[in-house]
$ cat entry.cif   # mmCIF, C-alpha atoms and all ligand atoms
data_my_file
#
loop_
_atom_site.label_atom_id
_atom_site.label_comp_id
_atom_site.auth_asym_id
_atom_site.auth_seq_id
_atom_site.Cartn_x
_atom_site.Cartn_y
_atom_site.Cartn_z
CA MET A 18 2.15 15.16 10.45
CA LEU A 19 3.19 12.90 7.61
CA VAL A 20 6.92 12.92 6.84
CA ALA A 21 8.14 11.66 3.45
CA LEU A 22 11.77 10.57 3.49
CA THR A 23 13.41 10.83 0.08
CA ARG A 24 16.96 10.90 -1.29
CA ALA A 25 18.44 12.71 -4.28
CA VAL A 26 18.97 10.96 -7.60
CA PRO A 27 22.71 10.15 -7.62
CA PRO A 28 24.79 10.94 -10.72
CA SER A 29 25.78 7.25 -10.69
CA ILE A 30 22.16 6.16 -11.41
CA ASP A 31 23.29 4.90 -14.83
CA ARG A 32 25.09 2.07 -12.95
CA CYS A 33 21.91 0.95 -11.16
CA GLU A 34 20.88 -2.67 -10.69
CA LEU A 35 18.74 -4.01 -13.54
CA THR A 36 16.86 -7.30 -13.57
CA HIS A 37 14.04 -7.24 -16.11
CA LEU A 38 15.06 -4.35 -18.35
CA ASP A 39 17.96 -3.82 -20.72
CA ARG A 40 20.12 -0.85 -19.86
CA ALA A 41 18.86 2.31 -21.58
CA PRO A 42 20.52 5.71 -21.23
CA ILE A 43 19.06 7.72 -18.34
CA ASP A 44 18.91 11.49 -18.84
CA TYR A 45 20.24 12.57 -15.44
CA ALA A 46 18.96 16.17 -15.58
CA ARG A 47 15.53 14.92 -16.56
CA ALA A 48 15.55 12.29 -13.82
CA VAL A 49 16.38 15.01 -11.27
CA GLU A 50 13.57 17.21 -12.62
CA GLN A 51 11.06 14.35 -12.48
CA HIS A 52 12.15 13.44 -8.96
CA ALA A 53 11.60 17.07 -7.91
CA ALA A 54 8.08 16.92 -9.40
CA TYR A 55 7.48 13.76 -7.36
CA GLU A 56 8.60 15.50 -4.17
CA GLU A 57 6.31 18.40 -5.04
CA ALA A 58 3.38 15.98 -5.43
CA LEU A 59 4.18 14.59 -1.96
CA ARG A 60 4.05 18.16 -0.60
CA ARG A 61 0.75 18.78 -2.35
CA ALA A 62 -0.55 15.64 -0.66
CA GLY A 63 0.40 17.16 2.70
CA CYS A 64 3.80 15.60 3.38
CA ASP A 65 6.79 17.26 4.97
CA VAL A 66 9.51 16.07 2.54
CA ARG A 67 12.87 15.41 4.16
CA ARG A 68 15.86 14.24 2.19
CA LEU A 69 18.39 11.76 3.51
CA PRO A 70 22.02 12.76 2.92
CA GLU A 71 23.11 12.21 -0.67
CA ALA A 72 24.84 8.95 -1.54
CA PRO A 73 26.62 9.64 -4.82
CA ASP A 74 28.35 6.26 -4.88
CA SER A 75 25.21 4.18 -4.33
CA PRO A 76 23.58 4.10 -7.78
CA ASP A 77 20.17 2.96 -6.48
CA SER A 78 20.05 5.20 -3.40
CA VAL A 79 17.11 7.26 -4.69
CA PHE A 80 14.94 4.14 -4.17
CA VAL A 81 14.68 4.57 -0.40
CA GLU A 82 11.60 2.38 -0.11
CA ASP A 83 13.74 -0.74 -0.26
CA THR A 84 15.65 0.12 2.92
CA ALA A 85 12.84 0.06 5.52
CA VAL A 86 9.21 -0.71 6.27
CA VAL A 87 7.48 1.66 8.68
CA PHE A 88 4.52 0.65 10.84
CA ASP A 89 2.68 2.83 13.38
CA ARG A 90 4.64 1.49 16.34
CA VAL A 91 7.82 -0.03 14.89
CA ALA A 92 10.06 0.22 11.82
CA VAL A 93 11.89 -2.70 10.27
CA ILE A 94 15.22 -1.98 8.62
CA ALA A 95 15.54 -4.10 5.50
CA ARG A 96 18.47 -6.13 4.25
CA PRO A 97 18.34 -5.54 0.49
CA GLY A 98 18.69 -8.61 -1.71
CA ALA A 99 21.20 -6.87 -3.99
CA GLU A 100 24.58 -6.76 -2.26
CA SER A 101 25.34 -3.38 -3.93
CA ARG A 102 22.43 -1.84 -2.02
CA ARG A 103 23.16 -3.01 1.53
CA ARG A 104 24.99 0.13 2.63
CA GLU A 105 21.97 2.28 1.74
CA VAL A 106 20.27 1.28 4.99
CA GLU A 107 22.68 3.23 7.24
CA ALA A 108 21.15 6.62 6.46
CA MET A 109 17.67 5.20 6.94
CA VAL A 110 18.60 3.90 10.40
CA GLU A 111 19.70 7.45 11.32
CA ALA A 112 16.56 9.01 9.87
CA LEU A 113 14.07 6.64 11.47
CA SER A 114 15.56 6.17 14.92
CA PRO A 115 14.01 9.39 16.33
CA HIS A 116 10.57 8.23 15.14
CA ARG A 117 10.24 4.50 15.85
CA PRO A 118 11.82 1.61 17.74
CA LEU A 119 13.84 -0.25 15.12
CA ARG A 120 14.06 -3.94 14.29
CA PHE A 121 16.48 -5.45 11.77
CA ILE A 122 16.49 -8.18 9.13
CA ASP A 123 19.66 -10.20 9.64
CA ALA A 124 21.61 -12.59 7.38
CA PRO A 125 20.76 -14.98 5.85
CA GLY A 126 17.47 -13.12 5.55
CA THR A 127 17.02 -10.65 2.71
CA LEU A 128 14.14 -8.25 2.31
CA ASP A 129 13.52 -5.26 0.03
CA GLY A 130 10.87 -2.78 1.17
CA GLY A 131 9.44 -2.91 -2.35
CA ASP A 132 8.29 -6.44 -1.59
CA VAL A 133 6.23 -5.44 1.45
CA LEU A 134 2.59 -4.42 1.06
CA VAL A 135 1.21 -3.26 4.39
CA THR A 136 -2.58 -3.40 4.73
CA PRO A 137 -4.72 -3.14 7.85
CA GLY A 138 -3.80 -6.20 9.93
CA ARG A 139 -2.13 -8.09 7.08
CA VAL A 140 1.29 -7.67 5.52
CA PHE A 141 1.87 -9.34 2.16
CA VAL A 142 5.52 -10.10 1.40
CA GLY A 143 6.71 -10.91 -2.08
CA ILE A 144 9.08 -13.84 -2.29
CA SER A 145 11.13 -12.52 -5.17
CA GLY A 146 14.64 -12.29 -6.54
CA ARG A 147 15.31 -9.86 -3.66
CA THR A 148 13.33 -11.13 -0.67
CA ASN A 149 13.72 -14.65 0.66
CA SER A 150 11.53 -16.76 2.95
CA GLU A 151 13.91 -16.16 5.87
CA GLY A 152 13.50 -12.38 5.44
CA ALA A 153 9.73 -12.80 5.43
CA ARG A 154 9.96 -15.04 8.52
CA GLN A 155 11.99 -12.44 10.43
CA LEU A 156 9.58 -9.69 9.41
CA ALA A 157 6.69 -11.78 10.73
CA GLY A 158 8.44 -12.10 14.10
CA HIS A 159 9.04 -8.35 14.28
CA VAL A 160 5.46 -7.28 13.53
CA ALA A 161 3.42 -10.06 15.20
CA PRO A 162 3.51 -8.22 18.58
CA PHE A 163 1.79 -5.29 16.86
CA GLY A 164 -1.07 -7.40 15.54
CA PHE A 165 0.08 -7.98 11.95
CA GLU A 166 -0.08 -11.30 10.17
CA VAL A 167 2.59 -11.76 7.46
CA ILE A 168 1.56 -13.58 4.29
CA PRO A 169 4.32 -14.64 1.84
CA VAL A 170 3.26 -14.27 -1.80
CA PRO A 171 5.16 -15.53 -4.85
CA VAL A 172 5.85 -12.92 -7.55
CA HIS A 173 6.98 -13.69 -11.07
CA GLY A 174 7.94 -11.57 -14.07
CA CYS A 175 8.63 -8.40 -12.09
CA LEU A 176 11.13 -7.05 -9.57
CA HIS A 177 9.04 -6.63 -6.43
CA LEU A 178 5.58 -7.42 -5.07
CA LYS A 179 4.67 -3.74 -5.29
CA SER A 180 5.53 -3.73 -9.01
CA ALA A 181 2.47 -5.99 -9.24
CA VAL A 182 0.06 -4.72 -6.57
CA SER A 183 -0.58 -1.55 -4.55
CA LEU A 184 -3.03 -0.66 -1.83
CA LEU A 185 -5.46 2.12 -2.72
CA PRO A 186 -6.63 4.77 -0.25
CA ALA A 187 -9.29 3.61 2.19
CA THR A 188 -12.79 4.85 1.48
CA ALA A 189 -15.11 5.17 4.47
CA GLY A 190 -17.00 1.97 5.18
CA ASN A 191 -15.96 0.25 1.94
CA THR A 192 -14.00 -2.93 1.36
CA PRO A 193 -10.26 -2.11 1.00
CA GLU A 194 -9.19 -1.91 -2.63
CA ILE A 195 -6.00 -2.87 -4.44
CA LEU A 196 -4.62 -2.18 -7.91
CA VAL A 197 -3.22 -5.35 -9.47
CA ASN A 198 -1.38 -6.61 -12.53
CA PRO A 199 -2.75 -10.20 -12.56
CA ALA A 200 0.07 -11.35 -14.89
CA TRP A 201 2.65 -10.83 -12.12
CA VAL A 202 0.81 -11.91 -8.98
CA ASP A 203 -2.15 -14.20 -8.32
CA ARG A 204 -5.02 -11.85 -7.50
CA THR A 205 -6.94 -14.59 -5.68
CA LEU A 206 -4.33 -14.47 -2.87
CA PHE A 207 -5.80 -11.13 -1.77
CA ASP A 208 -9.06 -12.30 -0.28
CA GLY A 209 -11.17 -9.60 1.31
CA PHE A 210 -10.02 -6.92 -1.14
CA GLU A 211 -11.85 -5.33 -4.03
CA VAL A 212 -9.52 -5.62 -7.06
CA ILE A 213 -9.00 -3.05 -9.80
CA GLU A 214 -6.86 -4.40 -12.63
CA ILE A 215 -4.38 -2.27 -14.55
CA ASP A 216 -4.89 -1.71 -18.25
CA PRO A 217 -3.13 -4.70 -19.90
CA ASP A 218 -1.19 -2.34 -22.21
CA GLU A 219 0.45 -0.76 -19.14
CA PRO A 220 2.05 -3.67 -17.24
CA ALA A 221 4.07 -1.48 -14.87
CA ALA A 222 1.09 0.67 -13.86
CA ALA A 223 0.18 -1.24 -10.67
CA ASN A 224 2.82 0.62 -8.69
CA VAL A 225 0.98 3.62 -7.19
CA LEU A 226 1.38 5.46 -3.91
CA PRO A 227 -1.65 6.20 -1.72
CA VAL A 228 -1.10 9.40 0.28
CA SER A 229 -3.67 11.35 2.29
CA GLY A 230 -6.62 9.97 0.34
CA CYS A 231 -5.19 10.47 -3.14
CA VAL A 232 -3.11 8.30 -5.46
CA ILE A 233 0.28 9.40 -6.76
CA CYS A 234 0.77 7.57 -10.05
CA ALA A 235 3.07 7.69 -13.08
CA GLU A 236 1.65 9.93 -15.81
CA GLU A 237 2.99 7.47 -18.40
CA TYR A 238 0.02 5.15 -17.69
CA PRO A 239 -3.11 7.18 -18.55
CA ARG A 240 -5.39 4.21 -19.17
CA THR A 241 -4.88 2.75 -15.72
CA ARG A 242 -5.26 6.24 -14.23
CA ALA A 243 -8.60 6.54 -16.04
CA ARG A 244 -9.68 3.26 -14.42
CA LEU A 245 -8.76 4.62 -10.98
CA GLU A 246 -10.61 7.85 -11.58
CA ALA A 247 -13.66 5.99 -12.87
CA SER A 248 -13.66 4.13 -9.54
CA GLY A 249 -13.70 7.43 -7.66
CA PHE A 250 -10.02 7.85 -6.75
CA ALA A 251 -8.37 11.27 -6.96
CA THR A 252 -5.02 10.92 -8.74
CA LEU A 253 -1.87 13.01 -8.72
CA PRO A 254 0.07 12.02 -11.87
CA VAL A 255 3.83 12.64 -11.90
CA PRO A 256 6.39 12.18 -14.69
CA ALA A 257 8.32 9.01 -13.87
CA GLY A 258 9.77 7.81 -17.16
CA GLU A 259 13.48 8.29 -16.42
CA LEU A 260 13.57 6.37 -13.14
CA ALA A 261 11.39 3.68 -14.75
CA LYS A 262 14.48 2.89 -16.87
CA ALA A 263 16.18 2.02 -13.56
CA GLU A 264 13.19 -0.22 -12.68
CA GLY A 265 11.90 2.27 -10.12
CA GLY A 266 8.29 3.32 -9.72
CA VAL A 267 6.47 5.86 -7.55
CA THR A 268 6.43 3.89 -4.30
CA CYS A 269 10.20 3.33 -4.51
CA CYS A 270 11.24 6.94 -4.01
CA SER A 271 9.85 7.59 -0.53
CA VAL A 272 9.28 6.15 2.92
CA LEU A 273 6.27 7.65 4.66
CA VAL A 274 6.33 8.14 8.42
CA ARG A 275 3.35 9.33 10.41
CA ASP A 276 4.49 11.21 13.51
CA SER A 277 1.96 12.71 15.87
CA SER A 278 4.70 14.29 18.00
CA LEU A 279 5.83 16.65 15.21
C1 LIG B 301 17.01 -2.11 -8.12
O1 LIG B 301 17.08 -2.98 -8.98
O2 LIG B 301 17.18 -2.37 -6.93
C2 LIG B 301 16.73 -0.70 -8.55
N1 LIG B 301 17.33 -0.46 -9.82
C3 LIG B 301 15.24 -0.43 -8.62
C4 LIG B 301 14.58 -0.50 -7.27
C5 LIG B 301 13.14 -0.15 -7.31
N2 LIG B 301 12.58 -0.19 -6.02
C6 LIG B 301 11.34 -0.54 -5.74
O3 LIG B 301 10.61 -0.95 -6.62
N3 LIG B 301 10.95 -0.50 -4.50
#
$ encode --input "entry.cif" --output "structure tokens" --more "lines below"
Ligand code: CIR
Amino acid sequence: MLVALTRAVPPSIDRCELTHLDRAPIDYARAVEQHAAYEEALRRAGCDVRRLPEAPDSPDSVFVEDTAVVFDRVAVIARPGAESRRREVEAMVEALSPHRPLRFIDAPGTLDGGDVLVTPGRVFVGISGRTNSEGARQLAGHVAPFGFEVIPVPVHGCLHLKSAVSLLPATAGNTPEILVNPAWVDRTLFDGFEVIEIDPDEPAAANVLPVSGCVICAEEYPRTRARLEASGFATLPVPAGELAKAEGGVTCCSVLVRDSSL
């Protein structure tokens, strides 16, 4: 059973953190509708969608990805780089504790889940405006006992590592593949991966979510989607334009937890 943890779009979303974008009005009703379509896509991909309790006073609380990183045998509770987001982790601690032993990133470490790309055996961590080297170092200590090597990766020009690179679904017997925007991360750091580049006219298109063999992606980036489909990937496009104004993409709005006991 694959559980997808999500959280409602709060009415305060128009006070979200912004780093690379100017503030543009967010149509709240439309954002809620698009988020519901995203949750429906997760269900179509086989997930049991469970919402964390609403957090109306945490403007970025819909972006649950940043609060935790879940592995098969452990989950690491993040310490978001933006002070305004630190209290978001409490609900994630509650939600994950029945499923995994928990480890924590402590001060002075900071780590946003959006900076953590988990691949078989290797975890790439973006050193960004949100995640520092100490956060990456603590993560490495937490996951080393489970056989993961942590590789810090500089990111530039975007918010998180996963704004720049996503893992694509595994295809039997083939080299693992990633989708990359080479302007934001050095693609040569990902040795051993087959690289598909985004369409250069769609810089934010590298953020896609692999679920149960298909790729949830933002419908606003059709050229990159065509590249994925030409490479044999099944895509599930969802409308994501409103939350993109808050610098959120499709990975940001869920935390996936595999649980064989459910
Ligand atoms: C922030 O700046 O923290 C939010 N406005 C956007 C977070 C997006 N999260 C993600 O990419 N994982």
$ atom_distance --input "entry.cif" --atom1 "atom CA of Arg154 of chain A" --atom2 "atom CA of Val228 of chain A"
28.1 Å
$ closest_residue --input "entry.cif" --among "A:Phe80, A:Phe210, A:Phe88, A:Phe165" --to "ligand LIG 301 (chain B)" --atoms "only C-alpha atoms and all ligand atoms"
A:Phe80
$ closest_residue --input "entry.cif" --among "A:His116, A:His37, A:His159, A:Arg242" --to "Gly174 of chain A" --atoms "all atoms listed in the file"
A:His37
$ closest_residue --input "entry.cif" --among "A:Val106, A:Val212, A:Leu206, A:Leu253" --to "Cys231 of chain A" --atoms "only C-alpha atoms"
A:Leu253
$ closest_residue --input "entry.cif" --among "A:Gln155, A:Ser229, A:Asn198, A:Ser248" --to "Pro186 of chain A" --atoms "only C-alpha atoms"
A:Ser229
$ residues_near_point --input "entry.cif" --point "(19.9, -15.2, 3.7)" --cutoff "9 Å" --atoms "all atoms listed in the file" --output "JSON, numbers by chain"
{"A": [98, 123, 124, 125, 126, 127, 148, 149, 150, 151, 152]}
$ residues_around --input "entry.cif" --residues "Ala92 of chain A" --least-positions-apart "6" --cutoff "10 Å" --atoms "all atoms listed in the file" --output "VMD selection string"
chain A and resid 85 to 86 110 113 to 114 116 to 121 159 to 160 274
$ residues_near_ligand --input "entry.cif" --ligand "ligand LIG 301 (chain B)" --cutoff "7 Å" --atoms "all atoms listed in the file" --output "MDAnalysis selection string"
chainID A and resid 33:36 77 80 82:83 99 130:131 176:177 179:180 263:266 268:269
